[in-house]
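As provided, data-v3.txt (compact mmCIF, C-alpha atoms) reads as follows.
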# COMPACT_ATOMS: atom_id res chain seq x y z
CA MET A 1 -20.59 -32.14 15.57
CA ILE A 2 -18.28 -29.40 16.69
CA GLU A 3 -16.40 -30.40 19.78
CA GLN A 4 -14.14 -27.44 20.21
CA ILE A 5 -14.76 -23.81 19.40
CA THR A 6 -11.98 -21.35 19.94
CA THR A 7 -11.67 -17.73 19.06
CA ALA A 8 -8.47 -16.93 17.28
CA GLU A 9 -6.37 -14.40 19.10
CA GLN A 10 -3.63 -13.56 16.71
CA PRO A 11 -0.58 -11.92 18.22
CA ALA A 12 -0.03 -8.31 17.19
CA SER A 13 1.82 -8.07 13.91
CA GLY A 14 4.99 -6.90 15.58
CA GLU A 15 5.16 -9.26 18.55
CA GLN A 16 6.47 -12.29 16.70
CA GLN A 17 8.43 -10.35 14.12
CA PRO A 18 11.93 -10.12 15.65
CA THR A 19 12.33 -13.91 15.37
CA VAL A 20 11.74 -13.74 11.61
CA ALA A 21 14.75 -13.16 9.36
CA LEU A 22 14.67 -9.61 8.04
CA PRO A 23 14.34 -9.43 4.26
CA SER A 24 16.59 -6.97 2.53
CA ALA A 25 14.31 -4.23 1.31
CA VAL A 26 16.02 -1.04 0.22
CA LEU A 27 13.43 1.55 -0.65
CA GLY A 28 13.58 3.97 -3.52
CA ARG A 29 12.73 7.64 -3.28
CA ARG A 30 8.97 7.14 -3.60
CA GLY A 31 8.95 4.36 -1.02
CA LEU A 32 10.81 6.51 1.50
CA GLU A 33 8.45 9.42 0.93
CA ARG A 34 5.42 7.21 1.42
CA LEU A 35 6.78 5.46 4.51
CA ASP A 36 7.55 8.74 6.24
CA LEU A 37 4.20 10.20 5.20
CA LEU A 38 2.36 7.23 6.67
CA LEU A 39 4.28 7.69 9.92
CA LEU A 40 3.28 11.34 9.82
CA VAL A 41 -0.39 10.31 9.51
CA VAL A 42 0.08 8.07 12.54
CA GLU A 43 1.38 11.08 14.46
CA SER A 44 -1.63 13.09 13.31
CA LEU A 45 -3.99 10.42 14.57
CA ASP A 46 -2.24 9.99 17.89
CA LEU A 47 -1.36 13.18 19.76
CA ASN A 48 1.20 11.26 21.74
CA GLY A 49 2.48 9.54 18.61
CA GLY A 50 6.19 10.24 19.17
CA GLU A 51 6.19 8.59 22.58
CA ALA A 52 3.96 5.78 21.33
CA MET A 53 6.45 5.04 18.56
CA LEU A 54 9.33 4.75 21.05
CA TRP A 55 7.21 2.49 23.22
CA SER A 56 6.30 0.35 20.20
CA LEU A 57 9.97 0.13 19.22
CA GLN A 58 10.73 -1.24 22.67
CA GLN A 59 7.88 -3.74 22.34
CA LEU A 60 9.28 -4.85 18.99
CA GLY A 61 12.74 -5.29 20.49
CA LEU A 62 14.23 -2.53 18.36
CA GLN A 63 15.39 -0.21 21.14
CA GLY A 64 19.02 -1.06 20.32
CA GLN A 65 18.55 0.26 16.81
CA PHE A 66 16.43 3.25 17.85
CA PRO A 67 17.43 4.08 21.42
CA ASN A 68 15.84 7.54 21.36
CA ARG A 69 13.75 9.97 19.34
CA VAL A 70 16.79 11.50 17.66
CA GLU A 71 17.83 8.20 16.06
CA LEU A 72 14.30 7.68 14.80
CA TRP A 73 14.21 11.23 13.44
CA LYS A 74 17.58 10.75 11.70
CA ARG A 75 16.28 7.67 9.88
CA ARG A 76 13.09 9.41 8.88
CA CYS A 77 15.08 12.35 7.50
CA HIS A 78 16.07 10.17 4.53
CA ASN A 79 12.75 11.27 3.10
CA PRO A 80 13.72 13.76 0.34
CA LEU A 81 10.60 15.84 0.99
CA ARG A 82 11.75 16.86 4.48
CA ARG A 83 13.06 20.31 5.32
CA ALA A 84 16.17 18.77 6.85
CA THR A 85 16.87 15.86 4.55
CA ARG A 86 19.76 13.38 4.69
CA ARG A 87 21.49 12.03 1.62
CA GLY A 88 21.97 8.37 0.91
CA GLN A 89 19.75 5.35 1.13
CA LEU A 90 18.15 3.98 4.24
CA SER A 91 19.70 0.62 5.10
CA SER A 92 17.58 -2.50 4.69
CA VAL A 93 17.66 -3.19 8.44
CA ASP A 94 16.40 0.31 9.24
CA THR A 95 13.79 0.08 6.49
CA GLU A 96 12.45 -3.18 7.86
CA ALA A 97 12.39 -1.74 11.37
CA LEU A 98 10.40 1.30 10.23
CA ILE A 99 7.94 -0.88 8.29
CA ARG A 100 7.35 -3.01 11.38
CA LEU A 101 6.99 0.07 13.53
CA LEU A 102 4.39 1.47 11.15
CA CYS A 103 2.43 -1.78 11.11
CA ALA A 104 2.52 -2.01 14.89
CA MET A 105 1.26 1.58 15.14
CA SER A 106 -1.48 0.84 12.59
CA GLU A 107 -2.54 -2.15 14.63
CA ARG A 108 -2.69 0.03 17.73
CA LEU A 109 -4.74 2.70 15.96
CA TYR A 110 -6.94 0.28 14.03
CA PRO A 111 -10.18 1.09 15.91
CA LEU A 112 -9.72 4.76 15.03
CA LEU A 113 -8.89 3.94 11.41
CA HIS A 114 -12.00 1.80 11.26
CA GLN A 115 -14.15 4.66 12.53
CA LEU A 116 -12.71 7.05 9.96
CA LEU A 117 -13.33 4.65 7.08
CA SER A 118 -16.75 3.44 8.13
CA THR A 119 -19.87 4.81 6.43
CA ARG A 120 -21.99 3.54 9.31
CA GLU A 121 -20.62 6.17 11.69
CA PRO A 122 -22.68 9.38 12.12
CA ASP A 123 -21.78 11.75 9.30
CA GLN A 124 -21.26 14.81 11.47
CA LEU A 125 -19.02 12.97 13.91
CA ASN A 126 -16.95 11.46 11.12
CA GLN A 127 -16.64 14.82 9.43
CA GLN A 128 -15.24 16.25 12.67
CA ARG A 129 -12.73 13.41 12.88
CA TRP A 130 -11.55 14.00 9.32
CA THR A 131 -11.30 17.75 9.93
CA LEU A 132 -9.19 17.15 13.01
CA LEU A 133 -6.93 14.75 11.13
CA ASP A 134 -6.62 17.21 8.25
CA GLN A 135 -5.69 20.04 10.60
CA ARG A 136 -3.04 18.07 12.47
CA LEU A 137 -1.56 16.62 9.30
CA ARG A 138 -1.30 20.07 7.72
CA ASP A 139 0.43 21.40 10.83
CA LEU A 140 2.93 18.55 10.80
CA ILE A 141 3.57 18.92 7.06
CA ASP A 142 4.09 22.68 7.48
CA GLU A 143 6.49 22.03 10.32
CA ARG A 144 8.59 19.26 8.83
CA MET A 145 8.29 19.17 5.04
CA ASN A 146 9.86 21.36 2.42
CA PRO A 147 7.01 23.54 1.09
CA ARG A 148 8.86 24.24 -2.18
CA ARG A 149 8.44 20.64 -3.28
CA GLY A 150 5.54 19.98 -5.65
CA ALA A 151 4.56 16.80 -3.83
CA VAL A 152 4.28 18.70 -0.55
CA GLN A 153 2.23 21.44 -2.19
CA ARG A 154 -0.13 18.78 -3.56
CA LEU A 155 -0.58 17.39 -0.06
CA LEU A 156 -1.71 20.81 1.11
CA MET A 157 -4.09 21.53 -1.79
CA PRO A 158 -7.67 21.30 -0.48
CA ASP A 159 -8.90 19.44 -3.60
CA HIS A 160 -6.16 16.82 -3.55
CA SER A 161 -5.62 16.48 0.18
CA LYS A 162 -8.97 14.81 0.97
CA VAL A 163 -8.44 12.03 -1.54
CA ILE A 164 -4.81 11.56 -0.52
CA GLN A 165 -5.68 11.46 3.18
CA ARG A 166 -8.36 8.84 2.63
CA GLU A 167 -5.91 6.71 0.63
CA LEU A 168 -3.33 7.06 3.42
CA VAL A 169 -5.82 6.03 6.12
CA LEU A 170 -6.93 3.03 4.04
CA SER A 171 -3.27 2.11 3.53
CA LEU A 172 -2.74 2.13 7.29
CA ALA A 173 -5.83 -0.03 7.80
CA LEU A 174 -4.59 -2.56 5.24
CA ALA A 175 -1.10 -2.49 6.78
CA ALA A 176 -2.50 -3.48 10.17
CA GLY A 177 -3.04 -7.07 11.13
CA PRO A 178 -1.05 -10.25 10.68
CA GLY A 179 -0.51 -9.94 6.92
CA GLY A 180 0.08 -6.21 6.91
CA VAL A 181 3.87 -6.21 7.09
CA ASP A 182 4.34 -8.26 3.92
CA ARG A 183 1.68 -6.32 2.06
CA LEU A 184 3.09 -2.94 3.02
CA ARG A 185 6.68 -3.95 2.25
CA ALA A 186 5.69 -5.14 -1.23
CA SER A 187 3.77 -1.91 -1.80
CA LEU A 188 6.69 0.29 -0.74
CA LEU A 189 8.97 -1.61 -3.10
CA ASP A 190 6.82 -0.78 -6.10
CA PRO A 191 8.80 0.74 -8.97
CA THR A 192 8.26 4.36 -9.93
CA PRO A 193 5.63 4.46 -12.70
CA MET B 1 -14.49 -37.19 15.95
CA PHE B 2 -12.03 -34.31 16.26
CA ASN B 3 -14.14 -31.69 14.54
CA LEU B 4 -12.61 -28.31 15.23
CA SER B 5 -13.87 -24.80 14.73
CA PHE B 6 -11.86 -21.57 14.81
CA ARG B 7 -13.36 -18.12 14.71
CA TYR B 8 -11.78 -14.84 13.57
CA ASP B 9 -13.61 -11.75 14.76
CA GLN B 10 -13.43 -8.17 13.65
CA THR B 11 -15.86 -5.30 14.19
CA ALA B 12 -17.75 -5.82 10.94
CA ALA B 13 -16.75 -9.34 9.94
CA ARG B 14 -16.68 -12.76 11.53
CA LEU B 15 -15.17 -15.77 9.84
CA GLN B 16 -15.60 -19.26 11.22
CA VAL B 17 -13.92 -22.34 9.80
CA GLU B 18 -14.56 -25.98 10.62
CA GLY B 19 -12.47 -29.00 9.88
CA LEU B 20 -10.49 -31.97 11.01
CA PRO B 21 -6.83 -32.74 11.57
CA ASP B 22 -5.22 -34.64 8.75
CA PHE B 23 -3.72 -37.54 10.68
CA SER B 24 -2.35 -39.08 7.51
CA ALA B 25 -0.11 -36.00 7.19
CA GLY B 26 1.05 -36.37 10.78
CA GLN B 27 -0.91 -33.39 12.12
CA ALA B 28 -1.67 -33.00 15.80
CA GLU B 29 -5.16 -33.00 17.30
CA GLY B 30 -5.64 -29.24 17.59
CA VAL B 31 -4.88 -28.51 13.96
CA ILE B 32 -7.23 -28.22 11.01
CA GLY B 33 -5.77 -29.94 7.97
CA ILE B 34 -9.02 -30.82 6.21
CA LEU B 35 -11.41 -27.91 5.91
CA SER B 36 -15.02 -29.07 5.89
CA GLY B 37 -16.83 -25.75 5.87
CA TRP B 38 -16.76 -22.05 6.64
CA LYS B 39 -19.15 -19.21 7.45
CA LEU B 40 -18.68 -15.52 6.94
CA GLN B 41 -20.84 -12.88 8.56
CA LEU B 42 -20.56 -9.30 7.39
CA VAL B 43 -22.55 -6.51 8.99
CA ALA B 44 -25.93 -5.96 7.31
CA SER B 45 -25.33 -8.81 4.87
CA PRO B 46 -26.62 -12.36 4.71
CA GLU B 47 -24.41 -15.08 6.14
CA LEU B 48 -22.19 -16.74 3.58
CA GLU B 49 -21.04 -20.31 3.77
CA GLY B 50 -19.37 -22.82 1.56
CA LYS B 51 -16.66 -25.37 1.08
CA ARG B 52 -12.91 -25.09 0.87
CA ASP B 53 -12.88 -24.17 -2.83
CA HIS B 54 -15.22 -21.23 -2.27
CA LEU B 55 -13.07 -19.93 0.57
CA LEU B 56 -9.97 -20.31 -1.58
CA ALA B 57 -11.70 -18.37 -4.37
CA LEU B 58 -12.62 -15.63 -1.90
CA MET B 59 -9.08 -15.39 -0.58
CA SER B 60 -7.43 -15.47 -3.99
CA THR B 61 -9.65 -12.61 -5.13
CA VAL B 62 -9.85 -10.35 -2.08
CA LEU B 63 -6.21 -10.49 -0.94
CA PRO B 64 -4.62 -9.52 -4.30
CA TYR B 65 -7.25 -6.77 -4.61
CA ALA B 66 -6.20 -5.46 -1.18
CA ARG B 67 -2.56 -5.63 -2.21
CA HIS B 68 -3.34 -3.53 -5.30
CA ARG B 69 -5.42 -1.04 -3.32
CA LEU B 70 -2.47 -0.51 -1.00
CA SER B 71 -0.47 0.60 -4.03
CA GLY B 72 -3.30 2.87 -5.15
CA VAL B 73 -4.31 0.60 -8.05
CA SER B 74 -8.09 0.25 -8.34
CA ARG B 75 -9.03 -2.53 -10.68
CA SER B 76 -11.44 -5.45 -10.55
CA PHE B 77 -10.42 -9.02 -9.81
CA GLY B 78 -12.25 -12.11 -10.99
CA ASP B 79 -14.23 -12.47 -14.22
CA GLU B 80 -17.69 -13.79 -15.04
CA ALA B 81 -16.53 -17.37 -14.78
CA SER B 82 -15.06 -16.88 -11.30
CA ALA B 83 -16.94 -17.84 -8.16
CA VAL B 84 -15.93 -14.53 -6.57
CA SER B 85 -15.17 -11.17 -8.09
CA ILE B 86 -14.48 -7.82 -6.52
CA ALA B 87 -14.37 -4.36 -8.04
CA PRO B 88 -14.12 -0.78 -6.84
CA ASP B 89 -17.50 0.85 -6.35
CA GLY B 90 -17.34 4.57 -5.70
CA GLU B 91 -15.73 4.98 -2.29
CA GLY B 92 -16.39 1.32 -1.49
CA HIS B 93 -16.05 -2.14 -2.98
CA GLN B 94 -18.49 -4.47 -4.69
CA LEU B 95 -18.12 -8.15 -3.90
CA LEU B 96 -19.95 -10.51 -6.24
CA LEU B 97 -20.43 -14.15 -5.23
CA ARG B 98 -21.70 -16.74 -7.67
CA SER B 99 -23.20 -19.93 -6.38
CA SER B 100 -22.11 -23.25 -7.84
CA GLN B 101 -25.76 -24.40 -7.70
CA LYS B 102 -27.83 -23.82 -10.83
CA GLY B 103 -30.66 -21.32 -10.73
CA VAL B 104 -29.20 -19.31 -7.84
CA GLU B 105 -28.71 -15.65 -8.63
CA PRO B 106 -25.30 -14.13 -7.86
CA LEU B 107 -25.14 -12.27 -4.57
CA THR B 108 -23.80 -8.72 -4.61
CA LEU B 109 -22.41 -7.14 -1.46
CA HIS B 110 -21.38 -3.52 -1.10
CA LEU B 111 -18.58 -3.03 1.39
CA ASP B 112 -17.22 0.25 2.66
CA ASP B 113 -13.50 0.63 3.31
CA ALA B 114 -13.85 -0.32 6.99
CA GLU B 115 -15.74 -3.54 6.23
CA PHE B 116 -13.30 -4.36 3.49
CA ALA B 117 -10.33 -3.89 5.87
CA ASP B 118 -12.06 -6.13 8.43
CA LEU B 119 -12.62 -8.83 5.81
CA VAL B 120 -8.97 -8.68 4.77
CA ARG B 121 -7.87 -8.97 8.41
CA CYS B 122 -10.08 -12.03 8.94
CA LEU B 123 -8.69 -13.71 5.83
CA ASP B 124 -5.12 -12.82 6.84
CA SER B 125 -5.70 -14.23 10.32
CA LEU B 126 -6.93 -17.49 8.83
CA ARG B 127 -4.15 -17.68 6.27
CA LEU B 128 -1.43 -17.14 8.85
CA ASP B 129 -2.97 -19.14 11.67
CA PRO B 130 -0.55 -21.95 12.59
CA ARG B 131 -3.52 -24.03 13.76
CA VAL B 132 -4.91 -24.16 10.21
CA GLN B 133 -2.46 -26.10 8.10
CA VAL B 134 -4.21 -26.01 4.76
CA ALA B 135 -2.20 -25.40 1.58
CA TRP B 136 -3.82 -22.24 0.25
CA ASP B 137 -1.57 -21.71 -2.79
CA LEU B 138 -2.08 -17.98 -2.82
CA PRO B 139 0.13 -15.56 -4.75
CA LEU B 140 2.85 -13.95 -2.66
CA ASN B 141 2.89 -10.23 -2.01
CA GLN B 142 5.22 -8.81 -4.65
CA PRO B 143 5.94 -5.32 -5.97
CA LEU B 144 3.58 -4.53 -8.84
CA PRO B 145 4.83 -4.28 -12.44
CA ARG B 146 5.66 -0.76 -13.58
CA GLN B 147 3.05 -0.89 -16.36
CA GLU B 148 0.24 -1.61 -13.92
CA LEU B 149 1.20 1.40 -11.83
CA ALA B 150 1.64 3.62 -14.88
CA GLU B 151 -1.90 2.86 -16.02
CA GLN B 152 -3.21 4.61 -12.91
CA VAL B 153 -1.50 7.87 -13.86
CA PRO B 154 -3.74 10.02 -16.11
CA ILE B 155 -2.61 10.07 -19.75
CA ALA B 156 -2.13 13.85 -19.74
CA GLN B 157 0.12 13.61 -16.70
CA ARG B 158 1.96 10.57 -18.03
CA PHE B 159 2.88 12.18 -21.35
CA ALA B 160 3.23 15.78 -20.15
CA ALA B 161 6.93 15.54 -19.28
CA PRO B 162 8.12 13.80 -22.50
CA LEU B 163 5.94 16.07 -24.66
CA PHE B 164 7.22 19.18 -22.90
CA GLY B 165 10.80 17.94 -23.24
CA GLY B 166 10.36 17.15 -26.94
CA ALA B 167 8.72 20.52 -27.63
CA ALA B 168 11.50 22.33 -25.78
CA LEU B 169 14.12 20.46 -27.83
CA VAL B 170 12.41 21.35 -31.15
CA ILE B 171 12.04 25.03 -30.16
CA PHE B 172 15.65 25.40 -29.07
CA ALA B 173 16.91 23.55 -32.15
CA GLY B 174 14.84 25.88 -34.37
CA LEU B 175 16.18 28.94 -32.57
CA GLY B 176 19.67 27.57 -32.95
CA LEU B 177 19.24 27.30 -36.72
CA LEU B 178 18.21 30.98 -36.90
CA LEU B 179 21.48 32.14 -35.36
CA PRO B 180 24.16 33.30 -37.83
CA PHE B 181 27.24 31.22 -38.36
CA PRO B 182 30.29 32.50 -36.52
CA GLY B 183 32.66 34.81 -38.46
CA SER B 184 30.08 36.34 -40.83
CA GLN B 185 29.07 40.02 -40.74
CA ASP B 186 25.68 40.03 -42.41
CA GLY B 187 24.55 36.58 -41.53
CA VAL B 188 25.67 35.08 -44.88
CA GLU B 189 28.65 32.85 -44.75
CA GLN B 190 31.51 34.07 -46.87
CA PRO B 191 33.23 31.42 -48.91
CA VAL B 192 36.86 30.98 -48.01
CA GLU B 193 39.00 31.65 -51.06
CA SER B 194 41.82 29.25 -51.52
CA PRO B 195 44.87 30.51 -53.45
CA SER B 196 44.83 29.35 -57.08
CA THR B 197 47.60 27.23 -58.53
CA GLU B 198 48.79 30.10 -60.77
CA GLN B 199 49.25 32.44 -57.81
CA GLU B 200 51.09 29.71 -56.01
CA GLN B 201 53.44 29.25 -58.94
CA ALA B 202 54.04 33.05 -59.30
CA SER B 203 54.84 33.41 -55.65
CA SER B 204 57.30 30.51 -55.81

For the file at hand, write its structure as structure tokens.
Amino acid sequence: MIEQITTAEQPASGEQQPTVALPSAVLGRRGLERLDLLLLVVESLDLNGGEAMLWSLQQLGLQGQFPNRVELWKRRCHNPLRRATRRGQLSSVDTEALIRLLCAMSERLYPLLHQLLSTREPDQLNQQRWTLLDQRLRDLIDERMNPRRGAVQRLLMPDHSKVIQRELVLSLALAAGPGGVDRLRASLLDPTP
Amino acid sequence: MFNLSFRYDQTAARLQVEGLPDFSAGQAEGVIGILSGWKLQLVASPELEGKRDHLLALMSTVLPYARHRLSGVSRSFGDEASAVSIAPDGEGHQLLLRSSQKGVEPLTLHLDDAEFADLVRCLDSLRLDPRVQVAWDLPLNQPLPRQELAEQVPIAQRFAAPLFGGAALVIFAGLGLLLPFPGSQDGVEQPVESPSTEQEQASS
């Protein structure tokens, strides 16, 4: 006989993170590109994404590391695909902070990610959502990325972009939740094939 | 009895586990240390239930598959002898569950990406729940080997750069051989005449 039934309410992935020792993950070029691109998708999904990121950083206890938008932008500029790119590697502490920020944002946007990925949603409505995401992501890529790079051009190709966008949204969905941080970190540390 | 039940809810998946604290291991009352059963409900699918081993098989198949999908690697996990196997299926995923009872046909479930993400979240919640202190012995999340990632790149794309480089080297080497040697007028090297011994003697 079951005497006690409780519904698990897991804390958000970021809430308990600052107490955990930060592993030293220094990302390679591909990892940096992917991390920044995933953050760009978050901004495409959330019109107020920039502010939401700062708010999430405060919630994660990382406001000392990223006190304002400029500091966040400077870290993200380590992505070699950016128009204004910074040389050198992103430090392991900054990398870990950005990974946790991304996972916290994914957790926040999970209902929207779920709608985009679900086949049970009305087709027309889902098509409109994907079109909106595509439009915003293209605008952000045009604004911030270097269009002479082949990887950026591939992101803007109509044939490739749909597949890539779906993969990115699925990546965000799998990065959300309690096990998302570890999974995403391991994925970003993958070697270049 | 201290039979406990914890539930992990997502939009398209609900996982419920039941068990008892393992007092011999010094566990407190509100902790499951001995898992007696579990139930999984997925939208538009029959309810699944089983014992600890079945849940462990589900976790050890689905979680590594999710890890690989995050890196863009689509490959199946679990073989014909496994209780659970999962494979990519178009834009979704096919989960195959084999019963340990004889005469029961395997159950095939088709999950879309949203249902799959919900299932992964439920399993993650269970795995990381401090109230469930069961040794799962699951593989850790690690970067994938280079070869596994390379297999996802189409062969043409994988070999394009080395082939182009090799071809360029051969062409430039061939062109280099066609160039005349330095110091010759008509492209034929003139032998350098060394003074003979007689001339040397006459001059001395």

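Put simply, atom CA of Cys103 of chain A is 29.9 Å away from atom CA of Arg148 of chain A.
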
Item checked: Length of the atom CA of Pro122 of chain A to atom CA of Arg121 of chain B vector [Å] ->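 For atom CA of Pro122 of chain A relative to atom CA of Arg121 of chain B, the distance reads 23.9 Å.
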
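Picture a line from atom CA of Gln94 of chain B to atom CA of Leu109 of chain B; it runs 5.7 Å.
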
Margin query: Need to verify the contact set: segment 22-39 of chain A, 8 Å, only C-alpha atoms, exclusion of same-chain residues closer than 3 positions in sequence. Can you return it as a PyMOL selection string?
Written below: chain A and resi 42-43+76+78-81+89-93+95-96+98-99+102+168+172+185+188-192

Check: Which residues, written as a list in words, have at least one atom at most 6 Å from segment 131-142 of chain B, with only C-alpha atoms counted and residues fewer than 4 positions away on the same chain left out?
Finding: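 So, after excluding close chain neighbours, the residues are Arg183 and Ala186 of chain A; Val31, Ile32 and Gly33 of chain B.
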
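With only C-alpha atoms taken into account, the protein and nucleic acid residues at most 6 Å from Gly92 of chain B (excluding it and anything under 3 positions from it in its own chain) are B:Asp89, B:Leu111, B:Asp112, B:Asp113.
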
Taking only C-alpha atoms into account, produce a table as a Markdown table in which each residue of chain B with an atom at most 9 Å from an atom of chain A appears once, together with its shortest atom pair and the distance in Å to one decimal, ordered by chain and rising number.
| residue | atom | partner | partner_atom | distance |
| --- | --- | --- | --- | --- |
| B:Met1 | CA | A:Met1 | CA | 7.9 |
| B:Phe2 | CA | A:Glu3 | CA | 6.8 |
| B:Asn3 | CA | A:Ile2 | CA | 5.2 |
| B:Leu4 | CA | A:Gln4 | CA | 5.3 |
| B:Ser5 | CA | A:Ile5 | CA | 4.9 |
| B:Phe6 | CA | A:Thr6 | CA | 5.1 |
| B:Arg7 | CA | A:Thr7 | CA | 4.7 |
| B:Tyr8 | CA | A:Ala8 | CA | 5.4 |
| B:Asp9 | CA | A:Thr7 | CA | 7.6 |
| B:Thr11 | CA | A:His114 | CA | 8.6 |
| B:Gln16 | CA | A:Thr7 | CA | 8.9 |
| B:Glu18 | CA | A:Ile2 | CA | 7.9 |
| B:Gly19 | CA | A:Ile2 | CA | 9.0 |
| B:Ala66 | CA | A:Leu174 | CA | 7.2 |
| B:Arg67 | CA | A:Arg183 | CA | 6.1 |
| B:His68 | CA | A:Ser187 | CA | 8.1 |
| B:Arg69 | CA | A:Ser171 | CA | 7.8 |
| B:Leu70 | CA | A:Ser171 | CA | 5.3 |
| B:Ser71 | CA | A:Ser187 | CA | 5.4 |
| B:Gly72 | CA | A:Glu167 | CA | 7.4 |
| B:Asp112 | CA | A:Ser118 | CA | 6.3 |
| B:Asp113 | CA | A:Leu117 | CA | 5.5 |
| B:Ala114 | CA | A:Ser118 | CA | 4.9 |
| B:Glu115 | CA | A:Ser118 | CA | 7.3 |
| B:Ala117 | CA | A:Leu174 | CA | 5.9 |
| B:Asp118 | CA | A:His114 | CA | 8.4 |
| B:Val120 | CA | A:Leu174 | CA | 7.5 |
| B:Arg121 | CA | A:Gly177 | CA | 5.9 |
| B:Cys122 | CA | A:Gly177 | CA | 8.9 |
| B:Asp124 | CA | A:Gly179 | CA | 5.4 |
| B:Ser125 | CA | A:Pro178 | CA | 6.1 |
| B:Leu126 | CA | A:Ala8 | CA | 8.6 |
| B:Arg127 | CA | A:Gly179 | CA | 8.6 |
| B:Leu128 | CA | A:Pro178 | CA | 7.1 |
| B:Asp129 | CA | A:Gln10 | CA | 7.5 |
| B:Leu140 | CA | A:Asp182 | CA | 8.8 |
| B:Asn141 | CA | A:Arg183 | CA | 5.8 |
| B:Gln142 | CA | A:Ala186 | CA | 5.0 |
| B:Pro143 | CA | A:Asp190 | CA | 4.6 |
| B:Leu144 | CA | A:Asp190 | CA | 5.7 |
| B:Pro145 | CA | A:Pro191 | CA | 7.3 |
| B:Arg146 | CA | A:Pro193 | CA | 5.3 |
| B:Gln147 | CA | A:Pro193 | CA | 7.0 |
| B:Glu148 | CA | A:Pro193 | CA | 8.2 |
| B:Leu149 | CA | A:Pro193 | CA | 5.5 |
| B:Ala150 | CA | A:Pro193 | CA | 4.6 |
| B:Glu151 | CA | A:Pro193 | CA | 8.4 |
| B:Gln152 | CA | A:Pro193 | CA | 8.8 |
| B:Val153 | CA | A:Pro193 | CA | 8.0 |
| B:Arg158 | CA | A:Pro193 | CA | 8.9 |

Note to self: Taking 3 positions as the minimum chain separation for residues in the same chain, which residues sit within 10 Å of Leu62 of chain A when counting all atoms listed in the file? Answer as a PyMOL selection string.
What the structure shows: chain A and resi 18+54-59+65-67+94+97-98+100-101
